Structure formats: C-alpha cells, structure tokens
>>> print(open('entry_5.cif').read())   # mmCIF, C-alpha atoms and all ligand atoms
data_structure
#
loop_
_atom_site.group_PDB
_atom_site.id
_atom_site.type_symbol
_atom_site.label_atom_id
_atom_site.label_comp_id
_atom_site.auth_asym_id
_atom_site.auth_seq_id
_atom_site.Cartn_x
_atom_site.Cartn_y
_atom_site.Cartn_z
ATOM 1 C CA MET I 220 82.322 208.353 172.472
ATOM 2 C CA ASP I 221 84.981 210.664 171.015
ATOM 3 C CA THR I 222 85.739 208.223 168.261
ATOM 4 C CA GLU I 223 82.037 207.945 167.439
ATOM 5 C CA ILE I 224 81.793 211.732 167.085
ATOM 6 C CA GLN I 225 84.988 211.820 165.059
ATOM 7 C CA GLY I 226 83.656 209.035 162.865
ATOM 8 C CA ARG I 227 80.466 210.938 162.221
ATOM 9 C CA ALA I 228 82.348 214.176 161.464
ATOM 10 C CA ALA I 229 84.538 212.281 158.990
ATOM 11 C CA HIS I 230 81.426 210.803 157.372
ATOM 12 C CA VAL I 231 79.811 214.258 157.014
ATOM 13 C CA ALA I 232 83.075 215.658 155.614
ATOM 14 C CA ALA I 233 83.248 212.813 153.088
ATOM 15 C CA ILE I 234 79.654 213.485 151.953
ATOM 16 C CA ARG I 235 80.494 217.183 151.493
ATOM 17 C CA GLU I 236 83.676 216.469 149.602
ATOM 18 C CA ARG I 237 81.829 214.151 147.239
ATOM 19 C CA ALA I 238 79.038 216.696 146.687
ATOM 20 C CA GLU I 239 81.585 219.464 146.025
ATOM 21 C CA ALA I 240 83.416 217.312 143.489
ATOM 22 C CA GLU I 241 80.143 216.316 141.804
ATOM 23 C CA MET I 242 79.036 219.976 141.512
ATOM 24 C CA LYS I 243 82.454 221.145 140.323
ATOM 25 C CA ALA I 244 82.402 218.540 137.555
ATOM 26 C CA MET I 245 79.103 220.053 136.339
ATOM 27 C CA GLY I 246 80.374 223.634 136.589
ATOM 28 C CA ILE I 247 78.036 224.441 139.481
ATOM 29 C CA ASP I 248 79.468 226.896 141.993
ATOM 30 C CA GLU I 249 78.157 229.476 144.480
ATOM 31 C CA ALA I 250 78.287 232.217 141.833
ATOM 32 C CA PHE I 251 76.030 230.183 139.547
ATOM 33 C CA ILE I 252 73.564 229.476 142.374
ATOM 34 C CA ASP I 253 73.385 233.215 143.140
ATOM 35 C CA ARG I 254 72.728 233.969 139.464
ATOM 36 C CA LEU I 255 70.151 231.198 139.130
ATOM 37 C CA VAL I 256 68.175 232.317 142.179
ATOM 38 C CA GLU I 257 68.245 235.993 141.161
ATOM 39 C CA THR I 258 67.281 235.275 137.542
ATOM 40 C CA PHE I 259 64.578 232.749 138.440
ATOM 41 C CA TYR I 260 62.785 234.903 141.031
ATOM 42 C CA GLY I 261 63.094 237.917 138.711
ATOM 43 C CA ARG I 262 61.101 235.868 136.193
ATOM 44 C CA VAL I 263 58.705 234.551 138.856
ATOM 45 C CA LEU I 264 57.746 238.153 139.601
ATOM 46 C CA GLN I 265 56.976 238.768 135.919
ATOM 47 C CA HIS I 266 54.960 235.536 135.599
ATOM 48 C CA PRO I 267 51.201 236.156 135.248
ATOM 49 C CA THR I 268 50.052 233.466 137.712
ATOM 50 C CA LEU I 269 53.105 232.765 139.903
ATOM 51 C CA GLY I 270 54.078 236.434 140.336
ATOM 52 C CA PRO I 271 50.999 237.572 142.288
ATOM 53 C CA VAL I 272 51.027 234.480 144.568
ATOM 54 C CA PHE I 273 54.667 235.049 145.543
ATOM 55 C CA ASP I 274 54.430 238.811 145.789
ATOM 56 C CA ALA I 275 51.318 238.764 147.993
ATOM 57 C CA ARG I 276 53.299 236.831 150.583
ATOM 58 C CA LEU I 277 56.758 238.305 150.076
ATOM 59 C CA SER I 278 56.087 241.959 149.377
ATOM 60 C CA GLY I 279 58.671 243.943 151.373
ATOM 61 C CA ARG I 280 60.583 240.715 152.210
ATOM 62 C CA TRP I 281 62.050 239.802 148.813
ATOM 63 C CA PRO I 282 65.732 240.378 149.760
ATOM 64 C CA GLU I 283 65.414 237.932 152.691
ATOM 65 C CA HIS I 284 63.641 235.392 150.473
ATOM 66 C CA ILE I 285 66.364 235.599 147.813
ATOM 67 C CA GLN I 286 69.039 235.157 150.486
ATOM 68 C CA LYS I 287 67.177 232.172 151.956
ATOM 69 C CA MET I 288 66.781 230.527 148.547
ATOM 70 C CA LYS I 289 70.505 230.949 147.851
ATOM 71 C CA SER I 290 71.394 229.201 151.096
ATOM 72 C CA PHE I 291 68.732 226.541 150.414
ATOM 73 C CA TRP I 292 70.151 225.638 146.984
ATOM 74 C CA SER I 293 73.708 225.893 148.239
ATOM 75 C CA SER I 294 72.852 223.484 151.064
ATOM 76 C CA VAL I 295 71.228 221.001 148.717
ATOM 77 C CA ALA I 296 74.056 221.192 146.161
ATOM 78 C CA PHE I 297 77.038 221.215 148.516
ATOM 79 C CA ARG I 298 75.487 219.467 151.543
ATOM 80 C CA SER I 299 76.738 222.473 153.504
ATOM 81 C CA GLY I 300 74.030 222.589 156.162
ATOM 82 C CA ALA I 301 73.703 226.355 155.480
ATOM 83 C CA TYR I 302 69.896 226.153 155.295
ATOM 84 C CA GLY I 303 67.973 224.992 158.328
ATOM 85 C CA GLY I 304 64.413 226.030 157.432
ATOM 86 C CA LYS I 305 61.184 224.094 157.143
ATOM 87 C CA PRO I 306 59.960 224.273 153.523
ATOM 88 C CA VAL I 307 56.613 222.541 154.109
ATOM 89 C CA GLN I 308 55.657 224.916 156.925
ATOM 90 C CA ALA I 309 56.798 227.904 154.846
ATOM 91 C CA HIS I 310 54.324 226.982 152.083
ATOM 92 C CA THR I 311 51.398 226.336 154.408
ATOM 93 C CA GLY I 312 48.901 229.149 154.265
ATOM 94 C CA VAL I 313 50.322 230.810 151.136
ATOM 95 C CA ALA I 314 47.154 232.409 149.718
ATOM 96 C CA ASN I 315 45.963 231.036 146.369
ATOM 97 C CA MET I 316 48.478 228.190 146.427
ATOM 98 C CA SER I 317 47.242 225.321 144.256
ATOM 99 C CA PRO I 318 48.673 222.059 142.895
ATOM 100 C CA ASP I 319 48.628 223.331 139.297
ATOM 101 C CA LEU I 320 51.108 226.089 140.194
ATOM 102 C CA PHE I 321 53.852 223.490 140.624
ATOM 103 C CA PRO I 322 54.083 222.471 136.937
ATOM 104 C CA GLN I 323 54.204 226.185 136.088
ATOM 105 C CA TRP I 324 56.982 226.740 138.628
ATOM 106 C CA LEU I 325 58.917 223.789 137.162
ATOM 107 C CA ALA I 326 58.408 224.987 133.567
ATOM 108 C CA LEU I 327 59.767 228.432 134.441
ATOM 109 C CA PHE I 328 62.705 226.914 136.315
ATOM 110 C CA SER I 329 63.461 224.702 133.309
ATOM 111 C CA GLU I 330 63.305 227.679 130.921
ATOM 112 C CA THR I 331 65.632 229.675 133.182
ATOM 113 C CA LEU I 332 68.108 226.797 133.356
ATOM 114 C CA SER I 333 68.012 226.349 129.562
ATOM 115 C CA ASP I 334 69.026 230.001 129.270
ATOM 116 C CA ILE I 335 71.778 230.168 131.886
ATOM 117 C CA ALA I 336 72.947 226.704 133.075
ATOM 118 C CA PRO I 337 76.591 225.985 132.197
ATOM 119 C CA ASN I 338 75.660 222.663 130.525
ATOM 120 C CA ARG I 339 72.994 219.943 130.201
ATOM 121 C CA GLU I 340 74.229 217.995 133.220
ATOM 122 C CA ALA I 341 73.863 221.037 135.468
ATOM 123 C CA LYS I 342 70.356 221.679 134.154
ATOM 124 C CA GLY I 343 69.508 217.997 134.633
ATOM 125 C CA TRP I 344 70.708 218.039 138.234
ATOM 126 C CA PHE I 345 68.705 221.155 139.190
ATOM 127 C CA MET I 346 65.574 219.901 137.423
ATOM 128 C CA ALA I 347 65.699 216.414 138.961
ATOM 129 C CA THR I 348 66.186 217.949 142.416
ATOM 130 C CA ALA I 349 63.415 220.544 141.978
ATOM 131 C CA GLU I 350 61.004 217.904 140.633
ATOM 132 C CA ARG I 351 61.597 215.696 143.682
ATOM 133 C CA ILE I 352 61.033 218.596 146.068
ATOM 134 C CA ALA I 353 57.974 219.815 144.135
ATOM 135 C CA ARG I 354 56.448 216.321 144.285
ATOM 136 C CA SER I 355 57.117 216.078 147.985
ATOM 137 C CA LEU I 356 55.697 219.586 148.661
ATOM 138 C CA THR I 357 52.619 218.831 146.542
ATOM 139 C CA LEU I 358 51.960 215.663 148.538
ATOM 140 C CA SER I 359 52.554 217.359 151.901
ATOM 141 C CA LEU I 360 50.293 220.288 151.048
ATOM 142 C CA PHE I 361 47.527 218.700 148.990
ATOM 143 C CA TYR I 362 47.418 214.933 149.415
ATOM 144 C CA ASN I 363 43.951 213.876 150.394
ATOM 145 C CA PRO I 364 43.492 210.133 150.973
ATOM 146 C CA ALA I 365 39.764 210.516 150.326
ATOM 147 C CA LEU I 366 40.512 211.553 146.748
ATOM 148 C CA ASP I 367 43.246 209.015 146.148
ATOM 149 C CA ASP I 368 42.626 207.125 142.939
ATOM 150 C CA PRO I 369 45.203 204.544 141.848
ATOM 151 C CA GLN I 370 43.794 204.665 138.272
ATOM 152 C CA ARG I 371 44.496 208.362 137.917
ATOM 153 C CA LYS I 372 47.552 209.158 135.806
ATOM 154 C CA PRO I 373 49.863 211.924 137.099
ATOM 155 C CA ALA I 374 49.212 215.277 135.376
HETATM 156 C C1 LIG V 401 53.929 226.737 142.919
HETATM 157 C C2 LIG V 401 55.026 226.573 143.504
HETATM 158 C C3 LIG V 401 55.541 227.406 144.653
HETATM 159 C C4 LIG V 401 55.052 228.535 145.252
HETATM 160 C C5 LIG V 401 53.807 229.344 144.890
HETATM 161 C C6 LIG V 401 55.974 228.860 146.331
HETATM 162 C C7 LIG V 401 55.848 229.961 147.166
HETATM 163 C C8 LIG V 401 56.688 230.256 148.196
HETATM 164 C C9 LIG V 401 56.546 231.387 149.067
HETATM 165 C C10 LIG V 401 55.449 232.458 148.962
HETATM 166 C C11 LIG V 401 57.548 231.337 149.991
HETATM 167 C C12 LIG V 401 57.812 232.318 151.110
HETATM 168 C C13 LIG V 401 57.189 231.861 152.402
HETATM 169 C C14 LIG V 401 57.432 232.912 153.483
HETATM 170 O O1 LIG V 401 58.593 233.238 153.769
HETATM 171 O O2 LIG V 401 56.451 233.416 154.041
HETATM 172 C C15 LIG V 401 58.338 230.155 149.676
HETATM 173 C C16 LIG V 401 59.450 229.752 150.386
HETATM 174 C C17 LIG V 401 60.246 228.716 150.013
HETATM 175 N N1 LIG V 401 60.091 227.894 148.918
HETATM 176 FE FE1 LIG V 401 58.535 227.898 147.648
HETATM 177 N N2 LIG V 401 56.982 227.933 146.349
HETATM 178 C C18 LIG V 401 56.766 227.031 145.346
HETATM 179 C C19 LIG V 401 57.540 225.969 144.998
HETATM 180 C C20 LIG V 401 58.742 225.661 145.567
HETATM 181 C C21 LIG V 401 59.636 224.616 145.120
HETATM 182 C C22 LIG V 401 59.387 223.683 143.928
HETATM 183 C C23 LIG V 401 60.714 224.650 145.963
HETATM 184 C C24 LIG V 401 61.953 223.794 145.967
HETATM 185 C C25 LIG V 401 62.524 223.341 144.871
HETATM 186 C C26 LIG V 401 60.484 225.688 146.949
HETATM 187 C C27 LIG V 401 61.321 225.992 147.988
HETATM 188 C C28 LIG V 401 61.109 226.980 148.919
HETATM 189 C C29 LIG V 401 61.974 227.215 150.076
HETATM 190 C C30 LIG V 401 63.219 226.427 150.453
HETATM 191 C C31 LIG V 401 61.423 228.307 150.762
HETATM 192 C C32 LIG V 401 61.967 228.950 152.028
HETATM 193 C C33 LIG V 401 61.351 228.265 153.222
HETATM 194 C C34 LIG V 401 61.793 228.877 154.534
HETATM 195 O O3 LIG V 401 61.225 229.908 154.937
HETATM 196 O O4 LIG V 401 62.731 228.331 155.135
HETATM 197 N N3 LIG V 401 59.289 226.291 146.678
HETATM 198 N N4 LIG V 401 57.789 229.523 148.586
#
>>> encode(input="entry_5.cif", output="structure tokens")
Amino acid sequence: MDTEIQGRAAHVAAIRERAEAEMKAMGIDEAFIDRLVETFYGRVLQHPTLGPVFDARLSGRWPEHIQKMKSFWSSVAFRSGAYGGKPVQAHTGVANMSPDLFPQWLALFSETLSDIAPNREAKGWFMATAERIARSLTLSLFYNPALDDPQRKPA
C-alpha cells in the first residue's frame, strides 16, 4: 500500500515538474499570471457586453474573484492543485449568460495576451487552454440535444 501511495506521489511530482519546466521555457511564471488576470478582468469590466454580465454577479466580490482566477490559472499552468472549484456550477445561473459571449470573452483574452504575453508560445498556450475550457463550458451550459444539427458549422 505504502509503495502504491509513494508511486502515485512520485507520478504527481513528475507531472508538476514537467509542467513547471514547460511554463518556464515559455516565460510563464506566477507574476505573469497575476498580471494577466488583473489586466484581463480590468478590461472585462470596461467591455460593453461582458462588463455588465460579470459585474452584476460579482459586484462587491471582485477581489475574491481575481484571487480565485489567479489560483485557477496557476493550477492549470503548473498542475499545482491550488484551485479546487467547480467552474460549470459557478457559471450556472449567471444572469444574461449566452453562448455568443464566449467568442467575445476569447477575443478580449487574445487581445490582452497580444499586448502583454512574453512571447507567441505563451499566448498560444493560454489561448489553446482557454478555447478548450470555453468549448467545454459552452457545451455544459447550453448543449441541447433537441437542437443538435450535424450539418451546422461551428460559429
Ligand atoms: C462569456 C464568458 C464568461 C462569463 C460571462 C463568465 C462569468 C463568470 C462569472 C460571473 C463568474 C463568477 C461566479 C461567482 O462566483 O458567482 C465566473 C467564475 C469563473 N469563471 Fe467564468 N465566465 C466566462 C468564461 C469563462 C472561461 C472561458 C473560463 C476559463 C477559461 C472561465 C473560468 C472561470 C472560473 C475558473 C471561475 C471561478 C469558478 C469558481 O467559483 O470556482 N470563465 N465566470
């Protein structure tokens, strides 16, 4: 039993070490994640359609949200396990949430990364990750089998 636990701990440590090396090679560190989250949500608040949707839900709770998003991105980048939330549940019941907000979110994220990411690889990594999560959130929140149409091209 002990060796099984030790084996698993070694496996987790190896995954973390690899993630840390991968991020370091792209110039991604905790300081950059902090800056990205602060800059991005600063712009979200100024955005004509995203701003009101976020602020209606987060008014008075922005500092906690920013902190949560830093630990979320840090967890995804460094496999640190720092974030233990439930993103799908968190987005359920957000007033005026709609599928077309996701491309807007991604466009703003992309613009922010173009302005501040240390290089193209770093931007590429954040965008690919955000696109995967956005697709998965969109499906979890809005997929309706009754409207499924295999002929329909993605927007
Ligand atoms: C149109 C797009 C989006 C909108 C309007 C939106 C809105 C929100 C709002 C209002 C919250 C706060 C929920 C609360 O604490 O009551 C939240 C939390 C969160 N969002 Fe989004 N979001 C969007 C897209 C995304 C995407 C693309 C990601 C990931 C790349 C993401 C990741 C998260 C995470 C991790 C949380 C924290 C969940 C928790 O409480 O543990 N969101 N979002």
>>> closest_atom_pairs(input="entry_5.cif", of="chain I", to="ligand LIG 401 (chain V)", cutoff="8 Å", atoms="all atoms listed in the file", output="tab-separated table")
residue	atom	partner	partner_atom	distance
I:Leu269	CA	V:LIG401	C5	6.1
I:Val272	CA	V:LIG401	C5	5.8
I:Phe273	CA	V:LIG401	C10	4.4
I:Asp274	CA	V:LIG401	C10	7.2
I:Ala275	CA	V:LIG401	C10	7.6
I:Arg276	CA	V:LIG401	C10	5.1
I:Leu277	CA	V:LIG401	C10	6.1
I:Arg280	CA	V:LIG401	O1	7.9
I:His284	CA	V:LIG401	O1	6.4
I:Lys287	CA	V:LIG401	C32	6.1
I:Met288	CA	V:LIG401	C30	5.8
I:Phe291	CA	V:LIG401	C30	5.5
I:Trp292	CA	V:LIG401	C30	7.8
I:Tyr302	CA	V:LIG401	O4	7.5
I:Gly303	CA	V:LIG401	O4	7.0
I:Gly304	CA	V:LIG401	O4	3.7
I:Lys305	CA	V:LIG401	O4	4.9
I:Pro306	CA	V:LIG401	C33	4.2
I:Val307	CA	V:LIG401	C33	7.5
I:Gln308	CA	V:LIG401	C33	7.6
I:Ala309	CA	V:LIG401	C13	4.7
I:His310	CA	V:LIG401	N4	5.5
I:Val313	CA	V:LIG401	C10	5.8
I:Met316	CA	V:LIG401	C5	5.7
I:Ser317	CA	V:LIG401	C1	7.0
I:Pro318	CA	V:LIG401	C1	7.0
I:Asp319	CA	V:LIG401	C1	7.3
I:Leu320	CA	V:LIG401	C1	4.0
I:Phe321	CA	V:LIG401	C1	4.0
I:Pro322	CA	V:LIG401	C1	7.3
I:Gln323	CA	V:LIG401	C1	6.9
I:Trp324	CA	V:LIG401	C2	5.3
I:Leu325	CA	V:LIG401	C22	6.8
I:Thr348	CA	V:LIG401	C25	7.0
I:Ala349	CA	V:LIG401	C25	4.1
I:Glu350	CA	V:LIG401	C22	6.8
I:Arg351	CA	V:LIG401	C25	7.8
I:Ile352	CA	V:LIG401	C25	5.1
I:Ala353	CA	V:LIG401	C22	4.1
I:Arg354	CA	V:LIG401	C22	7.9
I:Leu356	CA	V:LIG401	C22	7.3
>>> atom_distance(input="entry_5.cif", atom1="CA of Thr331 in chain I", atom2="CA of Pro271 in chain I")
19.0 Å
>>> resolve_selection(input="entry_5.cif", expression="the PyMOL selection byres (((chain I and resi 258-265) around 9) and not hetatm)", output="list in words")
Asp253, Arg254, Leu255, Val256, Glu257, His266, Pro267, Thr268, Leu269, Gly270, Pro271, Phe273, Asp274, Ile285, Trp324, Leu327, Phe328, Thr331, Leu332 and Ile335 of chain I
>>> write_last_selection(input="entry_5.cif", atoms="C-alpha atoms", output="CSV table (one decimal), in the frame of the given file")
chain,number,residue,atom,x,y,z
I,253,ASP,CA,73.4,233.2,143.1
I,254,ARG,CA,72.7,234.0,139.5
I,255,LEU,CA,70.2,231.2,139.1
I,256,VAL,CA,68.2,232.3,142.2
I,257,GLU,CA,68.2,236.0,141.2
I,266,HIS,CA,55.0,235.5,135.6
I,267,PRO,CA,51.2,236.2,135.2
I,268,THR,CA,50.1,233.5,137.7
I,269,LEU,CA,53.1,232.8,139.9
I,270,GLY,CA,54.1,236.4,140.3
I,271,PRO,CA,51.0,237.6,142.3
I,273,PHE,CA,54.7,235.0,145.5
I,274,ASP,CA,54.4,238.8,145.8
I,285,ILE,CA,66.4,235.6,147.8
I,324,TRP,CA,57.0,226.7,138.6
I,327,LEU,CA,59.8,228.4,134.4
I,328,PHE,CA,62.7,226.9,136.3
I,331,THR,CA,65.6,229.7,133.2
I,332,LEU,CA,68.1,226.8,133.4
I,335,ILE,CA,71.8,230.2,131.9
>>> atom_distance(input="entry_5.cif", atom1="CA of Ala301 in chain I", atom2="CA of Ala244 in chain I")
21.4 Å
>>> atom_distance(input="entry_5.cif", atom1="CA of Glu241 in chain I", atom2="CA of Val295 in chain I")
12.2 Å
>>> residues_around(input="entry_5.cif", residues="range 227-236 of chain I", least_positions_apart="3", cutoff="12 Å", atoms="only C-alpha atoms", output="PyMOL selection string")
chain I and resi 220-224+239-243+293-300
>>> axis_aligned_box(input="entry_5.cif", around="range 262-270 of chain I", padding_each_side="3 Å", output="lines of an AutoDock Vina configuration file")
center_x = 55.6
center_y = 235.8
center_z = 137.8
size_x = 17.0
size_y = 12.0
size_z = 11.1
>>> closest_residue(input="entry_5.cif", among="I:Gln286, I:Ala238, I:Phe251, I:Gly226", to="Ala336 in chain I", atoms="all atoms listed in the file")
I:Phe251
>>> residues_around(input="entry_5.cif", residues="Met245 in chain I", least_positions_apart="5", cutoff="9 Å", atoms="all atoms listed in the file", output="ChimeraX atom specification")
/I:240,337-341,344
>>> closest_residue(input="entry_5.cif", among="I:Asp334, I:Gln225, I:Asn363, I:Ala250", to="Ser290 in chain I", atoms="only C-alpha atoms")
I:Ala250
>>> closest_residue(input="entry_5.cif", among="I:Gly279, I:Gly343, I:Pro369, I:Gly312", to="Ile247 in chain I", atoms="only C-alpha atoms")
I:Gly343
>>> decode(input="entry_5.cif", residues="range 274-308 of chain I", atoms="N, CA and C atoms", output="compact mmCIF listing (two decimals), in the first residue's frame")
# COMPACT_ATOMS: atom_id res chain seq x y z
N ASP I 274 -20.21 42.08 -13.76
CA ASP I 274 -20.35 42.95 -12.60
C ASP I 274 -21.65 42.73 -11.85
N ALA I 275 -22.72 42.31 -12.60
CA ALA I 275 -23.99 42.04 -11.92
C ALA I 275 -23.82 40.91 -10.92
N ARG I 276 -22.97 39.96 -11.25
CA ARG I 276 -22.79 38.80 -10.37
C ARG I 276 -21.70 39.05 -9.32
N LEU I 277 -20.70 39.83 -9.68
CA LEU I 277 -19.50 39.92 -8.84
C LEU I 277 -19.35 41.24 -8.09
N SER I 278 -20.32 42.12 -8.24
CA SER I 278 -20.24 43.41 -7.57
C SER I 278 -20.01 43.20 -6.06
N GLY I 279 -18.98 43.83 -5.53
CA GLY I 279 -18.64 43.67 -4.11
C GLY I 279 -17.79 42.45 -3.82
N ARG I 280 -17.60 41.56 -4.85
CA ARG I 280 -16.82 40.32 -4.64
C ARG I 280 -15.65 40.22 -5.60
N TRP I 281 -15.31 41.35 -6.28
CA TRP I 281 -14.25 41.27 -7.29
C TRP I 281 -12.91 40.79 -6.73
N PRO I 282 -12.46 41.29 -5.55
CA PRO I 282 -11.15 40.83 -5.06
C PRO I 282 -11.08 39.31 -4.92
N GLU I 283 -12.17 38.70 -4.41
CA GLU I 283 -12.18 37.22 -4.26
C GLU I 283 -12.13 36.55 -5.64
N HIS I 284 -12.87 37.13 -6.60
CA HIS I 284 -12.89 36.54 -7.94
C HIS I 284 -11.48 36.58 -8.55
N ILE I 285 -10.83 37.72 -8.43
CA ILE I 285 -9.48 37.87 -9.00
C ILE I 285 -8.54 36.84 -8.37
N GLN I 286 -8.64 36.71 -7.04
CA GLN I 286 -7.79 35.74 -6.33
C GLN I 286 -8.07 34.32 -6.83
N LYS I 287 -9.35 34.00 -7.00
CA LYS I 287 -9.75 32.67 -7.45
C LYS I 287 -9.22 32.40 -8.86
N MET I 288 -9.32 33.41 -9.73
CA MET I 288 -8.86 33.22 -11.11
C MET I 288 -7.34 33.06 -11.18
N LYS I 289 -6.63 33.73 -10.25
CA LYS I 289 -5.17 33.54 -10.22
C LYS I 289 -4.85 32.10 -9.82
N SER I 290 -5.55 31.59 -8.81
CA SER I 290 -5.23 30.22 -8.41
C SER I 290 -5.71 29.22 -9.45
N PHE I 291 -6.80 29.55 -10.17
CA PHE I 291 -7.27 28.68 -11.25
C PHE I 291 -6.20 28.56 -12.35
N TRP I 292 -5.71 29.71 -12.84
CA TRP I 292 -4.73 29.66 -13.94
C TRP I 292 -3.41 29.07 -13.47
N SER I 293 -3.05 29.36 -12.22
CA SER I 293 -1.82 28.79 -11.69
C SER I 293 -1.93 27.27 -11.62
N SER I 294 -3.08 26.78 -11.19
CA SER I 294 -3.32 25.34 -11.13
C SER I 294 -3.24 24.67 -12.48
N VAL I 295 -3.85 25.34 -13.48
CA VAL I 295 -3.86 24.75 -14.82
C VAL I 295 -2.43 24.77 -15.39
N ALA I 296 -1.72 25.89 -15.19
CA ALA I 296 -0.39 26.01 -15.78
C ALA I 296 0.62 25.09 -15.08
N PHE I 297 0.61 25.11 -13.75
CA PHE I 297 1.65 24.40 -13.00
C PHE I 297 1.17 23.09 -12.40
N ARG I 298 -0.06 22.70 -12.70
CA ARG I 298 -0.63 21.46 -12.14
C ARG I 298 -0.46 21.44 -10.61
N SER I 299 -0.70 22.63 -9.99
CA SER I 299 -0.37 22.73 -8.57
C SER I 299 -1.48 22.24 -7.65
N GLY I 300 -2.68 22.08 -8.19
CA GLY I 300 -3.79 21.67 -7.32
C GLY I 300 -4.29 22.80 -6.43
N ALA I 301 -3.85 24.05 -6.72
CA ALA I 301 -4.22 25.19 -5.87
C ALA I 301 -5.71 25.55 -5.99
N TYR I 302 -6.32 25.22 -7.12
CA TYR I 302 -7.73 25.55 -7.34
C TYR I 302 -8.56 24.29 -7.25
N GLY I 303 -9.59 24.32 -6.41
CA GLY I 303 -10.42 23.13 -6.27
C GLY I 303 -11.89 23.43 -6.49
N GLY I 304 -12.18 24.46 -7.32
CA GLY I 304 -13.57 24.87 -7.52
C GLY I 304 -14.29 24.07 -8.59
N LYS I 305 -15.52 24.48 -8.85
CA LYS I 305 -16.34 23.78 -9.85
C LYS I 305 -16.80 24.81 -10.89
N PRO I 306 -16.03 24.99 -11.97
CA PRO I 306 -16.33 26.06 -12.92
C PRO I 306 -17.72 25.95 -13.55
N VAL I 307 -18.20 24.75 -13.85
CA VAL I 307 -19.51 24.67 -14.50
C VAL I 307 -20.59 25.19 -13.55
N GLN I 308 -20.56 24.72 -12.30
CA GLN I 308 -21.55 25.19 -11.33
C GLN I 308 -21.47 26.70 -11.14
